[in-house]
$ cat start.cif   # mmCIF, C-alpha atoms and all ligand atoms
data_model
#
loop_
_atom_site.label_atom_id
_atom_site.label_comp_id
_atom_site.auth_asym_id
_atom_site.auth_seq_id
_atom_site.Cartn_x
_atom_site.Cartn_y
_atom_site.Cartn_z
CA MET O 1 1.18 21.43 -23.62
CA LYS O 2 -2.61 21.40 -23.79
CA LEU O 3 -4.77 18.38 -24.55
CA THR O 4 -5.70 19.64 -28.02
CA GLU O 5 -2.02 20.10 -28.87
CA MET O 6 -1.22 16.61 -27.59
CA LYS O 7 -3.95 15.07 -29.73
CA GLN O 8 -2.74 17.01 -32.79
CA ILE O 9 0.84 15.81 -32.32
CA LEU O 10 -0.25 12.20 -31.94
CA ALA O 11 -2.51 12.42 -34.99
CA ALA O 12 0.13 14.16 -37.13
CA GLY O 13 2.76 11.56 -36.20
CA ARG O 14 0.21 8.73 -36.55
CA ILE O 15 1.22 7.63 -33.06
CA GLN O 16 -1.10 5.03 -31.55
CA LEU O 17 -0.52 4.94 -27.82
CA THR O 18 0.70 1.69 -26.29
CA LYS O 19 -1.08 0.57 -23.14
CA SER O 20 1.69 -1.77 -22.03
CA LEU O 21 4.09 1.21 -21.93
CA GLY O 22 1.74 3.06 -19.59
CA GLN O 23 1.29 5.86 -22.10
CA ASN O 24 -1.11 8.11 -20.22
CA PHE O 25 0.07 11.64 -20.80
CA LEU O 26 -0.47 14.39 -18.28
CA HIS O 27 -2.04 17.47 -19.84
CA ASP O 28 -3.33 19.32 -16.78
CA GLN O 29 -1.08 22.37 -16.35
CA ASN O 30 -1.96 22.81 -12.67
CA GLN O 31 -0.87 19.27 -11.86
CA LEU O 32 2.31 19.59 -13.94
CA ARG O 33 3.16 22.77 -12.06
CA ARG O 34 2.44 21.12 -8.71
CA ILE O 35 4.79 18.25 -9.58
CA ALA O 36 7.56 20.67 -10.52
CA ASP O 37 6.89 22.66 -7.32
CA ALA O 38 7.08 19.51 -5.21
CA ALA O 39 10.50 18.72 -6.67
CA GLU O 40 11.77 22.10 -5.34
CA LEU O 41 14.00 22.64 -8.36
CA THR O 42 16.71 25.26 -8.68
CA PRO O 43 19.11 26.03 -11.56
CA ALA O 44 21.74 24.06 -9.62
CA ASP O 45 19.73 20.84 -9.95
CA ALA O 46 20.32 17.90 -12.25
CA VAL O 47 17.13 15.96 -12.94
CA LEU O 48 16.58 12.41 -14.10
CA GLU O 49 13.23 12.00 -15.87
CA ILE O 50 11.97 8.55 -16.77
CA GLY O 51 9.39 8.34 -19.54
CA PRO O 52 9.15 11.92 -20.84
CA GLY O 53 6.45 10.95 -23.36
CA LEU O 54 5.62 14.05 -25.39
CA GLY O 55 7.52 16.21 -22.89
CA PRO O 56 4.83 18.10 -20.93
CA LEU O 57 6.74 17.64 -17.65
CA THR O 58 10.14 17.95 -19.35
CA GLU O 59 9.15 21.48 -20.33
CA TYR O 60 8.72 22.46 -16.66
CA LEU O 61 11.90 20.66 -15.64
CA LEU O 62 13.95 22.46 -18.28
CA ALA O 63 12.54 25.80 -17.19
CA ARG O 64 13.55 25.27 -13.58
CA ALA O 65 16.56 22.91 -13.38
CA GLY O 66 20.13 23.19 -14.64
CA ARG O 67 20.11 19.96 -16.60
CA VAL O 68 17.74 17.12 -17.44
CA LEU O 69 18.52 13.56 -18.49
CA ALA O 70 15.39 11.93 -19.90
CA ILE O 71 15.10 8.23 -20.76
CA GLU O 72 12.27 7.16 -23.07
CA LYS O 73 11.64 3.66 -24.37
CA ASP O 74 9.37 4.48 -27.30
CA LEU O 75 11.43 5.50 -30.35
CA ARG O 76 8.49 7.37 -31.93
CA LEU O 77 8.38 9.67 -28.88
CA VAL O 78 12.17 10.03 -28.76
CA GLU O 79 12.14 11.21 -32.36
CA PHE O 80 9.39 13.70 -31.62
CA LEU O 81 11.21 14.97 -28.51
CA ARG O 82 14.49 15.37 -30.43
CA GLU O 83 12.73 17.76 -32.76
CA ARG O 84 10.68 19.50 -30.11
CA PHE O 85 13.65 20.23 -27.87
CA ALA O 86 16.31 20.55 -30.60
CA ALA O 87 17.41 23.94 -29.28
CA GLU O 88 17.58 22.83 -25.64
CA SER O 89 21.20 22.44 -24.56
CA LYS O 90 20.15 21.46 -21.02
CA LEU O 91 18.46 18.25 -22.19
CA THR O 92 20.09 14.87 -22.78
CA LEU O 93 17.68 12.41 -24.29
CA LEU O 94 18.28 8.67 -24.23
CA HIS O 95 16.36 6.05 -26.13
CA ASP O 96 16.40 3.09 -23.76
CA ASP O 97 14.43 0.98 -21.32
CA ALA O 98 15.01 2.91 -18.10
CA LEU O 99 15.02 -0.17 -15.89
CA ASP O 100 17.63 -1.87 -18.12
CA TYR O 101 19.65 1.33 -18.33
CA LEU O 102 19.74 1.88 -14.56
CA ARG O 103 20.68 -1.75 -13.87
CA ARG O 104 23.32 -1.78 -16.59
CA GLU O 105 24.97 1.57 -15.93
CA ARG O 106 24.83 1.70 -12.11
CA SER O 107 25.49 5.44 -12.31
CA ASP O 108 25.95 7.70 -9.33
CA TRP O 109 22.68 9.64 -8.97
CA SER O 110 23.43 10.91 -5.48
CA ASP O 111 23.45 14.56 -6.58
CA TRP O 112 20.40 14.13 -8.79
CA LYS O 113 16.66 14.47 -8.32
CA LEU O 114 14.33 11.98 -9.94
CA VAL O 115 11.20 13.70 -11.23
CA ALA O 116 8.86 11.65 -13.38
CA ASN O 117 5.40 10.62 -14.30
CA LEU O 118 6.42 6.98 -14.21
CA PRO O 119 5.31 4.17 -16.51
CA TYR O 120 3.20 2.35 -13.95
CA SER O 121 4.31 -1.17 -14.87
CA VAL O 122 7.91 -0.52 -13.84
CA ALA O 123 7.38 2.04 -11.07
CA SER O 124 7.96 -0.20 -8.02
CA PRO O 125 11.02 -2.16 -9.25
CA LEU O 126 12.56 1.02 -10.57
CA LEU O 127 12.17 2.87 -7.27
CA VAL O 128 13.41 -0.06 -5.20
CA ASP O 129 16.44 -0.50 -7.49
CA LEU O 130 17.33 3.16 -7.14
CA ALA O 131 16.80 3.18 -3.36
CA GLU O 132 19.07 0.15 -3.03
CA SER O 133 21.79 1.54 -5.25
CA GLU O 134 24.83 3.20 -3.74
CA GLY O 135 24.26 6.38 -5.73
CA LYS O 136 20.61 6.87 -4.83
CA PRO O 137 18.98 10.18 -5.88
CA LYS O 138 18.72 12.84 -3.17
CA ARG O 139 15.05 13.51 -3.84
CA ILE O 140 12.31 11.64 -5.66
CA THR O 141 9.09 13.23 -6.93
CA VAL O 142 7.09 10.70 -8.88
CA THR O 143 3.57 10.23 -10.14
CA LEU O 144 2.26 6.68 -9.97
CA GLN O 145 -0.91 4.73 -9.19
CA LEU O 146 -2.65 6.00 -6.05
CA GLU O 147 -2.52 2.55 -4.50
CA VAL O 148 1.27 2.29 -4.97
CA ALA O 149 1.66 5.85 -3.66
CA HIS O 150 -0.18 4.82 -0.49
CA ARG O 151 2.16 1.85 -0.05
CA LEU O 152 5.25 4.04 -0.52
CA VAL O 153 4.33 6.42 2.29
CA ALA O 154 2.48 4.03 4.64
CA GLY O 155 3.58 3.86 8.27
CA VAL O 156 3.22 0.85 10.56
CA ALA O 157 -0.40 1.63 11.51
CA ALA O 158 -1.63 1.80 7.91
CA GLU O 159 -3.35 -0.95 5.96
CA GLU O 160 -1.00 -0.42 2.99
CA TYR O 161 2.16 -0.84 5.10
CA GLY O 162 4.34 -3.58 3.68
CA VAL O 163 7.44 -4.56 1.72
CA LEU O 164 7.47 -1.52 -0.59
CA SER O 165 6.96 0.93 2.32
CA LEU O 166 9.88 -0.56 4.23
CA LEU O 167 12.30 -0.99 1.33
CA MET O 168 11.83 2.66 0.35
CA GLN O 169 11.58 4.22 3.78
CA LEU O 170 14.81 2.60 4.93
CA ASP O 171 16.54 5.26 2.82
CA TYR O 172 13.86 7.86 2.18
CA GLU O 173 11.49 9.97 4.23
CA PRO O 174 8.07 10.68 2.70
CA LYS O 175 7.65 14.44 2.33
CA GLY O 176 4.12 14.69 1.02
CA SER O 177 1.77 13.57 -1.71
CA PHE O 178 -1.27 14.74 -3.62
CA LYS O 179 -3.87 12.94 -5.68
CA ILE O 180 -4.20 13.44 -9.44
CA ALA O 181 -7.55 12.53 -10.97
CA ALA O 182 -7.63 10.19 -13.95
CA ASP O 183 -9.11 12.86 -16.25
CA CYS O 184 -5.92 14.94 -15.98
CA PHE O 185 -4.32 12.36 -18.30
CA PHE O 186 -4.83 11.42 -21.95
CA PRO O 187 -6.09 8.80 -22.26
CA PRO O 188 -7.40 8.64 -18.68
CA PRO O 189 -5.96 5.61 -16.85
CA GLU O 190 -8.35 3.19 -15.13
CA VAL O 191 -7.19 4.23 -11.67
CA ASP O 192 -6.44 7.50 -9.93
CA SER O 193 -2.84 8.57 -9.49
CA ALA O 194 -0.81 10.48 -6.95
CA CYS O 195 2.42 12.41 -6.89
CA VAL O 196 4.71 11.45 -4.01
CA THR O 197 7.87 13.15 -2.80
CA LEU O 198 10.55 11.26 -0.91
CA GLU O 199 13.74 12.74 0.47
CA ARG O 200 16.88 10.70 1.03
CA ARG O 201 17.66 10.36 4.74
CA SER O 202 20.56 12.53 5.78
CA LYS O 203 21.78 9.67 8.00
CA PRO O 204 21.17 6.09 6.78
CA LEU O 205 19.32 3.88 9.27
CA LEU O 206 21.60 0.93 8.45
CA PRO O 207 25.10 0.47 7.03
CA PRO O 208 25.12 -0.96 3.46
CA GLU O 209 26.25 -4.43 4.54
CA LEU O 210 23.09 -4.89 6.65
CA ARG O 211 20.71 -3.87 3.87
CA PRO O 212 20.42 -7.42 2.48
CA VAL O 213 19.60 -8.72 5.98
CA PHE O 214 16.90 -6.04 6.32
CA LYS O 215 15.47 -6.89 2.90
CA ARG O 216 15.35 -10.59 3.67
CA LEU O 217 13.69 -9.93 7.03
CA VAL O 218 11.03 -7.78 5.41
CA LYS O 219 10.39 -10.18 2.53
CA VAL O 220 10.22 -13.30 4.68
CA GLY O 221 8.32 -11.48 7.44
CA PHE O 222 5.61 -10.33 5.00
CA SER O 223 5.57 -13.53 2.91
CA GLN O 224 2.35 -14.52 4.68
CA ARG O 225 0.86 -11.37 6.14
CA ARG O 226 -1.49 -13.07 8.57
CA LYS O 227 1.13 -15.39 10.06
CA MET O 228 3.33 -14.77 13.09
CA MET O 229 6.58 -13.23 11.89
CA LEU O 230 8.76 -15.25 14.26
CA LYS O 231 7.52 -18.52 12.75
CA LEU O 232 8.10 -17.29 9.20
CA LEU O 233 11.61 -16.08 9.99
CA ARG O 234 12.60 -19.53 11.24
CA ALA O 235 12.89 -20.56 7.58
CA ALA O 236 15.84 -18.16 7.25
CA TRP O 237 17.46 -17.83 10.68
CA PRO O 238 18.19 -20.21 13.59
CA ALA O 239 15.32 -20.31 16.13
CA GLU O 240 17.50 -19.46 19.17
CA ARG O 241 19.05 -16.43 17.49
CA LEU O 242 15.60 -15.17 16.54
CA ALA O 243 14.14 -15.77 19.99
CA ALA O 244 17.03 -13.86 21.61
CA ALA O 245 16.67 -10.95 19.18
CA PHE O 246 12.91 -10.74 19.77
CA VAL O 247 13.44 -10.69 23.56
CA THR O 248 16.10 -7.96 23.36
CA LEU O 249 13.83 -5.81 21.21
CA GLY O 250 10.77 -6.49 23.36
CA LEU O 251 8.87 -7.95 20.39
CA SER O 252 6.06 -10.39 21.17
CA PRO O 253 6.65 -13.87 19.67
CA GLN O 254 3.09 -13.59 18.30
CA ILE O 255 3.63 -10.30 16.47
CA ARG O 256 2.87 -10.07 12.75
CA ALA O 257 5.13 -8.15 10.37
CA GLU O 258 2.45 -5.51 9.77
CA LYS O 259 2.82 -4.41 13.44
CA VAL O 260 6.62 -4.17 13.34
CA SER O 261 7.89 -0.65 12.70
CA LEU O 262 10.67 0.40 10.34
CA GLN O 263 12.94 1.10 13.33
CA GLN O 264 12.21 -2.36 14.78
CA PHE O 265 12.98 -4.04 11.45
CA ALA O 266 16.23 -2.07 11.29
CA GLU O 267 17.12 -3.11 14.86
CA LEU O 268 16.33 -6.74 14.06
CA ALA O 269 18.62 -6.53 11.03
CA ARG O 270 21.39 -5.26 13.31
CA LYS O 271 20.89 -8.08 15.79
CA LEU O 272 20.60 -10.84 13.21
CA GLY O 273 23.27 -9.45 10.93
CA ALA O 274 25.86 -8.78 13.64
CA GLY O 275 28.92 -10.84 12.72
CA ASN O 276 26.72 -12.75 10.32
CA PRO O 277 25.43 -10.57 7.48
CA GLY O 278 25.79 -13.58 5.16
CA ALA O 279 22.56 -14.89 6.72
CA ALA O 280 20.87 -13.10 3.86
CA GLU O 281 22.45 -15.29 1.21
CA GLY O 282 20.15 -16.22 -1.60
CA GLU O 283 18.64 -12.75 -1.54
CA ASP O 284 16.79 -11.94 -4.74
CA ARG O 285 16.48 -8.71 -6.68
CA GLY O 286 13.32 -7.62 -8.36
CA THR O 287 9.85 -6.38 -7.57
CA ALA O 288 8.95 -5.16 -4.16
CA GLU O 289 5.69 -6.97 -3.64
N1 LIG X 1 6.02 12.18 -18.79
C1 LIG X 1 4.94 12.06 -19.75
C2 LIG X 1 3.73 12.77 -19.24
O1 LIG X 1 3.71 13.14 -18.06
O2 LIG X 1 2.80 12.96 -20.00
C3 LIG X 1 4.62 10.60 -20.07
C4 LIG X 1 4.29 9.75 -18.90
S1 LIG X 1 3.64 8.17 -19.33
C5 LIG X 1 2.78 7.78 -17.84
C6 LIG X 1 5.02 7.06 -19.21
C7 LIG X 1 6.07 7.20 -20.29
O3 LIG X 1 7.10 6.24 -20.02
C8 LIG X 1 5.63 6.91 -21.71
O4 LIG X 1 6.11 7.91 -22.55
C9 LIG X 1 6.25 5.55 -22.07
O5 LIG X 1 6.53 5.40 -23.44
C10 LIG X 1 7.50 5.59 -21.22
N2 LIG X 1 8.02 4.27 -20.82
C11 LIG X 1 7.33 3.14 -20.57
N3 LIG X 1 8.14 2.17 -20.12
C12 LIG X 1 9.38 2.69 -20.09
C13 LIG X 1 10.66 2.20 -19.73
N4 LIG X 1 10.80 0.93 -19.30
N5 LIG X 1 11.72 3.02 -19.83
C14 LIG X 1 11.58 4.31 -20.27
N6 LIG X 1 10.39 4.83 -20.63
C15 LIG X 1 9.31 4.05 -20.53
#
$ encode --input "start.cif" --output "C-alpha cells"
Amino acid sequence: MKLTEMKQILAAGRIQLTKSLGQNFLHDQNQLRRIADAAELTPADAVLEIGPGLGPLTEYLLARAGRVLAIEKDLRLVEFLRERFAAESKLTLLHDDALDYLRRERSDWSDWKLVANLPYSVASPLLVDLAESEGKPKRITVTLQLEVAHRLVAGVAAEEYGVLSLLMQLDYEPKGSFKIAADCFFPPPEVDSACVTLERRSKPLLPPELRPVFKRLVKVGFSQRRKMMLKLLRAAWPAERLAAAFVTLGLSPQIRAEKVSLQQFAELARKLGAGNPGAAEGEDRGTAE
C-alpha cells in the first residue's frame, strides 16, 4: 500500500487519524518487507498482529504466514479491513483493545509469533504482559519508538539498561533491530522508530514461581537509579538475608542496579526466593518503567 493509496482511503472514508491511538501508518515498502523478513515467517506460522491500521503490514503477513489474528481498536479501520480482506480466509480480525483482550483472554500464544507496528502508548505494558504470561509468543518482531527499542535490547553496560530491558530479557533474547525514519510513516511521528526482534529463550532463566521475586528486585532496585541497590532492597527484604546473598554472589554492597547484570538479578532472585518466594507479595502489574 503506497502513501497515495493510503491518503485516498482515508479521504474516501472521511477517517481523521487519532493521535492518542498512535495512528502513524507505515507506507514504506522496503521497511514493511524488512519487518516481515525479520519475523522469519513460513506457511506454518500463526501470527498475532496488534493494530493492523489500514493493513499494510497485514498484507505481508498474509502472504508469508499460515494464519493471522489481528486486533484493532478503531472500528472505522476494522470496517475498512473487513472489506479489504473479505476474501482472505487466513485472517481473523477482532475489534478490541489489544491490552484488554490479552489480559482478559490469557490465551496460549506459545506457538505464535507477534509481528506488529505497535501503538506506541501501549507498547511497553503489552510486551511485558506477554513476556510474563505462561503462553508467551515464541518470537516477537515489533516496531516501536527508537528510545523504547533501545531499552528493550540494552545490556548492563548501556545507558538505557533498566526495568524494561530486564523484564523482557528474562524470557527473550534480542536478535537484532533496525531504525525506521519518521518519514516512512503517515503522518510522520515526532520521534524515530525501530523494529526489534526478540526470541523466546529455549531454556527459561528462572522457574515461574521466582518471576515475581525477580520483578520485585528489579523494580525496587531501579526505583532510585543513583542509589545503592542494597539500601533500596532493604525496604522489601530483611537486611541479613540481603547481605548474605550479596556476599555469595560477590556483589559490592555499594553497587547500583544499573551495574547488576541480568544473570546476577536472576541469581539474586534464586537466593532471596529460595523457600520464600512470597517475599514478593504486594507485587504490582502494569507498566515497565
Ligand atoms: N499496522 C499499521 C501500520 O503499520 O501502518 C498501523 C500501525 S499504527 C502505529 C497503530 C495501530 O494500532 C492503529 O491502527 C491504532 O488504531 C491501533 N491501536 C491503538 N491502540 C490500540 C489498542 N489498544 N489495541 C488495538 N489496536 C490499537
$ residues_near_ligand --input "start.cif" --ligand "ligand LIG 1 (chain X)" --cutoff "7 Å" --atoms "all atoms listed in the file" --output "PDB file with C-alpha atoms, keeping the file's coordinate frame"
ATOM      1  CA  LEU O  21       4.090   1.210 -21.930  1.00  0.00           C
ATOM      2  CA  GLY O  22       1.740   3.060 -19.590  1.00  0.00           C
ATOM      3  CA  GLN O  23       1.290   5.860 -22.100  1.00  0.00           C
ATOM      4  CA  ASN O  24      -1.110   8.110 -20.220  1.00  0.00           C
ATOM      5  CA  PHE O  25       0.070  11.640 -20.800  1.00  0.00           C
ATOM      6  CA  LEU O  26      -0.470  14.390 -18.280  1.00  0.00           C
ATOM      7  CA  HIS O  27      -2.040  17.470 -19.840  1.00  0.00           C
ATOM      8  CA  ILE O  50      11.970   8.550 -16.770  1.00  0.00           C
ATOM      9  CA  GLY O  51       9.390   8.340 -19.540  1.00  0.00           C
ATOM     10  CA  PRO O  52       9.150  11.920 -20.840  1.00  0.00           C
ATOM     11  CA  GLY O  53       6.450  10.950 -23.360  1.00  0.00           C
ATOM     12  CA  LEU O  54       5.620  14.050 -25.390  1.00  0.00           C
ATOM     13  CA  GLY O  55       7.520  16.210 -22.890  1.00  0.00           C
ATOM     14  CA  PRO O  56       4.830  18.100 -20.930  1.00  0.00           C
ATOM     15  CA  LEU O  57       6.740  17.640 -17.650  1.00  0.00           C
ATOM     16  CA  ILE O  71      15.100   8.230 -20.760  1.00  0.00           C
ATOM     17  CA  GLU O  72      12.270   7.160 -23.070  1.00  0.00           C
ATOM     18  CA  LYS O  73      11.640   3.660 -24.370  1.00  0.00           C
ATOM     19  CA  ASP O  74       9.370   4.480 -27.300  1.00  0.00           C
ATOM     20  CA  LEU O  77       8.380   9.670 -28.880  1.00  0.00           C
ATOM     21  CA  ASP O  96      16.400   3.090 -23.760  1.00  0.00           C
ATOM     22  CA  ASP O  97      14.430   0.980 -21.320  1.00  0.00           C
ATOM     23  CA  ALA O  98      15.010   2.910 -18.100  1.00  0.00           C
ATOM     24  CA  LEU O  99      15.020  -0.170 -15.890  1.00  0.00           C
ATOM     25  CA  ALA O 116       8.860  11.650 -13.380  1.00  0.00           C
ATOM     26  CA  ASN O 117       5.400  10.620 -14.300  1.00  0.00           C
ATOM     27  CA  LEU O 118       6.420   6.980 -14.210  1.00  0.00           C
ATOM     28  CA  PRO O 119       5.310   4.170 -16.510  1.00  0.00           C
ATOM     29  CA  TYR O 120       3.200   2.350 -13.950  1.00  0.00           C
ATOM     30  CA  VAL O 122       7.910  -0.520 -13.840  1.00  0.00           C
TER      31      VAL O 122
END
$ residues_around --input "start.cif" --residues "region 33-48 of chain O" --least-positions-apart "4" --cutoff "10 Å" --atoms "all atoms listed in the file" --output "PyMOL selection string"
chain O and resi 28-29+57-71+90-92+109+111-117+137+139-143+175-178+194-199
$ residues_near_point --input "start.cif" --point "(11.0, -17.2, 10.5)" --cutoff "12 Å" --atoms "only C-alpha atoms" --output "PyMOL selection string"
chain O and resi 216-224+227-243+246+253-257+272
$ closest_residue --input "start.cif" --among "O:Arg82, O:Arg76, O:Lys271, O:His95" --to "Thr18 (chain O)" --atoms "all atoms listed in the file"
O:Arg76
$ atom_distance --input "start.cif" --atom1 "CA of Lys138 (chain O)" --atom2 "CA of Asp171 (chain O)"
9.9 Å
$ closest_residue --input "start.cif" --among "O:Leu268, O:Leu170, O:Val163, O:Gln31" --to "Ala182 (chain O)" --atoms "all atoms listed in the file"
O:Gln31
$ residues_around --input "start.cif" --residues "Glu132 (chain O)" --least-positions-apart "4" --cutoff "9 Å" --atoms "only C-alpha atoms" --output "PyMOL selection string"
chain O and resi 127-128+136+167-168+171+208+211
$ atom_distance --input "start.cif" --atom1 "CA of Pro207 (chain O)" --atom2 "CA of Glu173 (chain O)"
16.8 Å
$ closest_residue --input "start.cif" --among "O:Ala154, O:Gln264, O:Leu94, O:Val213" --to "Ser252 (chain O)" --atoms "only C-alpha atoms"
O:Gln264
$ closest_residue --input "start.cif" --among "O:Leu81, O:Leu126, O:Val260, O:Leu152" --to "Leu164 (chain O)" --atoms "only C-alpha atoms"
O:Leu152
$ atom_distance --input "start.cif" --atom1 "CA of Ala181 (chain O)" --atom2 "CA of Gly155 (chain O)"
23.9 Å
$ closest_residue --input "start.cif" --among "O:Leu32, O:Lys19, O:Phe185, O:Ala87" --to "Met6 (chain O)" --atoms "only C-alpha atoms"
O:Phe185
$ closest_residue --input "start.cif" --among "O:Glu88, O:Asp108, O:Glu83, O:Asp100" --to "Pro125 (chain O)" --atoms "all atoms listed in the file"
O:Asp100
$ decode --input "start.cif" --residues "region 9-18 of chain O" --atoms "all heavy atoms" --output "PDB file, in the first residue's frame"
ATOM      1  N   ILE O   9      -7.714   6.353   0.691  1.00  0.00           N
ATOM      2  CA  ILE O   9      -8.618   5.540   1.525  1.00  0.00           C
ATOM      3  C   ILE O   9      -9.121   6.370   2.705  1.00  0.00           C
ATOM      4  O   ILE O   9     -10.315   6.375   3.028  1.00  0.00           O
ATOM      5  CB  ILE O   9      -7.893   4.274   2.048  1.00  0.00           C
ATOM      6  CG1 ILE O   9      -7.557   3.349   0.884  1.00  0.00           C
ATOM      7  CG2 ILE O   9      -8.723   3.552   3.096  1.00  0.00           C
ATOM      8  CD1 ILE O   9      -6.533   2.282   1.226  1.00  0.00           C
ATOM      9  N   LEU O  10      -8.204   7.090   3.324  1.00  0.00           N
ATOM     10  CA  LEU O  10      -8.593   7.889   4.498  1.00  0.00           C
ATOM     11  C   LEU O  10      -9.567   8.993   4.090  1.00  0.00           C
ATOM     12  O   LEU O  10     -10.560   9.241   4.780  1.00  0.00           O
ATOM     13  CB  LEU O  10      -7.346   8.493   5.167  1.00  0.00           C
ATOM     14  CG  LEU O  10      -6.388   7.464   5.795  1.00  0.00           C
ATOM     15  CD1 LEU O  10      -5.080   8.133   6.237  1.00  0.00           C
ATOM     16  CD2 LEU O  10      -7.032   6.760   6.989  1.00  0.00           C
ATOM     17  N   ALA O  11      -9.294   9.607   2.937  1.00  0.00           N
ATOM     18  CA  ALA O  11     -10.172  10.692   2.467  1.00  0.00           C
ATOM     19  C   ALA O  11     -11.549  10.127   2.099  1.00  0.00           C
ATOM     20  O   ALA O  11     -12.584  10.674   2.498  1.00  0.00           O
ATOM     21  CB  ALA O  11      -9.532  11.397   1.274  1.00  0.00           C
ATOM     22  N   ALA O  12     -11.547   9.009   1.373  1.00  0.00           N
ATOM     23  CA  ALA O  12     -12.823   8.419   0.933  1.00  0.00           C
ATOM     24  C   ALA O  12     -13.672   7.992   2.129  1.00  0.00           C
ATOM     25  O   ALA O  12     -14.894   8.138   2.116  1.00  0.00           O
ATOM     26  CB  ALA O  12     -12.546   7.221   0.029  1.00  0.00           C
ATOM     27  N   GLY O  13     -13.023   7.482   3.166  1.00  0.00           N
ATOM     28  CA  GLY O  13     -13.771   7.030   4.351  1.00  0.00           C
ATOM     29  C   GLY O  13     -13.960   8.145   5.371  1.00  0.00           C
ATOM     30  O   GLY O  13     -14.459   7.902   6.464  1.00  0.00           O
ATOM     31  N   ARG O  14     -13.514   9.343   5.020  1.00  0.00           N
ATOM     32  CA  ARG O  14     -13.557  10.503   5.932  1.00  0.00           C
ATOM     33  C   ARG O  14     -12.984  10.120   7.304  1.00  0.00           C
ATOM     34  O   ARG O  14     -13.560  10.396   8.357  1.00  0.00           O
ATOM     35  CB  ARG O  14     -14.985  11.015   6.095  1.00  0.00           C
ATOM     36  CG  ARG O  14     -15.567  11.593   4.829  1.00  0.00           C
ATOM     37  CD  ARG O  14     -16.602  12.669   5.145  1.00  0.00           C
ATOM     38  NE  ARG O  14     -17.055  13.332   3.945  1.00  0.00           N
ATOM     39  CZ  ARG O  14     -18.017  12.880   3.146  1.00  0.00           C
ATOM     40  NH1 ARG O  14     -18.617  11.758   3.434  1.00  0.00           N
ATOM     41  NH2 ARG O  14     -18.374  13.548   2.076  1.00  0.00           N
ATOM     42  N   ILE O  15     -11.845   9.440   7.264  1.00  0.00           N
ATOM     43  CA  ILE O  15     -11.227   8.986   8.515  1.00  0.00           C
ATOM     44  C   ILE O  15     -10.156   9.987   8.946  1.00  0.00           C
ATOM     45  O   ILE O  15      -9.153  10.191   8.262  1.00  0.00           O
ATOM     46  CB  ILE O  15     -10.588   7.576   8.341  1.00  0.00           C
ATOM     47  CG1 ILE O  15     -11.660   6.557   7.947  1.00  0.00           C
ATOM     48  CG2 ILE O  15      -9.872   7.145   9.623  1.00  0.00           C
ATOM     49  CD1 ILE O  15     -11.129   5.173   7.601  1.00  0.00           C
ATOM     50  N   GLN O  16     -10.442  10.659  10.067  1.00  0.00           N
ATOM     51  CA  GLN O  16      -9.451  11.567  10.662  1.00  0.00           C
ATOM     52  C   GLN O  16      -8.631  10.731  11.626  1.00  0.00           C
ATOM     53  O   GLN O  16      -9.196  10.079  12.499  1.00  0.00           O
ATOM     54  CB  GLN O  16     -10.161  12.661  11.486  1.00  0.00           C
ATOM     55  CG  GLN O  16     -11.059  13.564  10.708  1.00  0.00           C
ATOM     56  CD  GLN O  16     -10.285  14.774  10.177  1.00  0.00           C
ATOM     57  OE1 GLN O  16      -9.096  14.917  10.425  1.00  0.00           O
ATOM     58  NE2 GLN O  16     -10.992  15.626   9.446  1.00  0.00           N
ATOM     59  N   LEU O  17      -7.308  10.765  11.474  1.00  0.00           N
ATOM     60  CA  LEU O  17      -6.493   9.908  12.329  1.00  0.00           C
ATOM     61  C   LEU O  17      -6.469  10.414  13.771  1.00  0.00           C
ATOM     62  O   LEU O  17      -6.552  11.616  14.022  1.00  0.00           O
ATOM     63  CB  LEU O  17      -5.088   9.796  11.757  1.00  0.00           C
ATOM     64  CG  LEU O  17      -5.056   9.085  10.403  1.00  0.00           C
ATOM     65  CD1 LEU O  17      -3.648   8.956   9.882  1.00  0.00           C
ATOM     66  CD2 LEU O  17      -5.689   7.701  10.509  1.00  0.00           C
ATOM     67  N   THR O  18      -6.376   9.460  14.692  1.00  0.00           N
ATOM     68  CA  THR O  18      -6.434   9.779  16.117  1.00  0.00           C
ATOM     69  C   THR O  18      -5.042   9.632  16.723  1.00  0.00           C
ATOM     70  O   THR O  18      -4.488   8.529  16.750  1.00  0.00           O
ATOM     71  CB  THR O  18      -7.414   8.802  16.832  1.00  0.00           C
ATOM     72  OG1 THR O  18      -8.618   8.779  16.088  1.00  0.00           O
ATOM     73  CG2 THR O  18      -7.679   9.208  18.257  1.00  0.00           C
TER      74      THR O  18
END
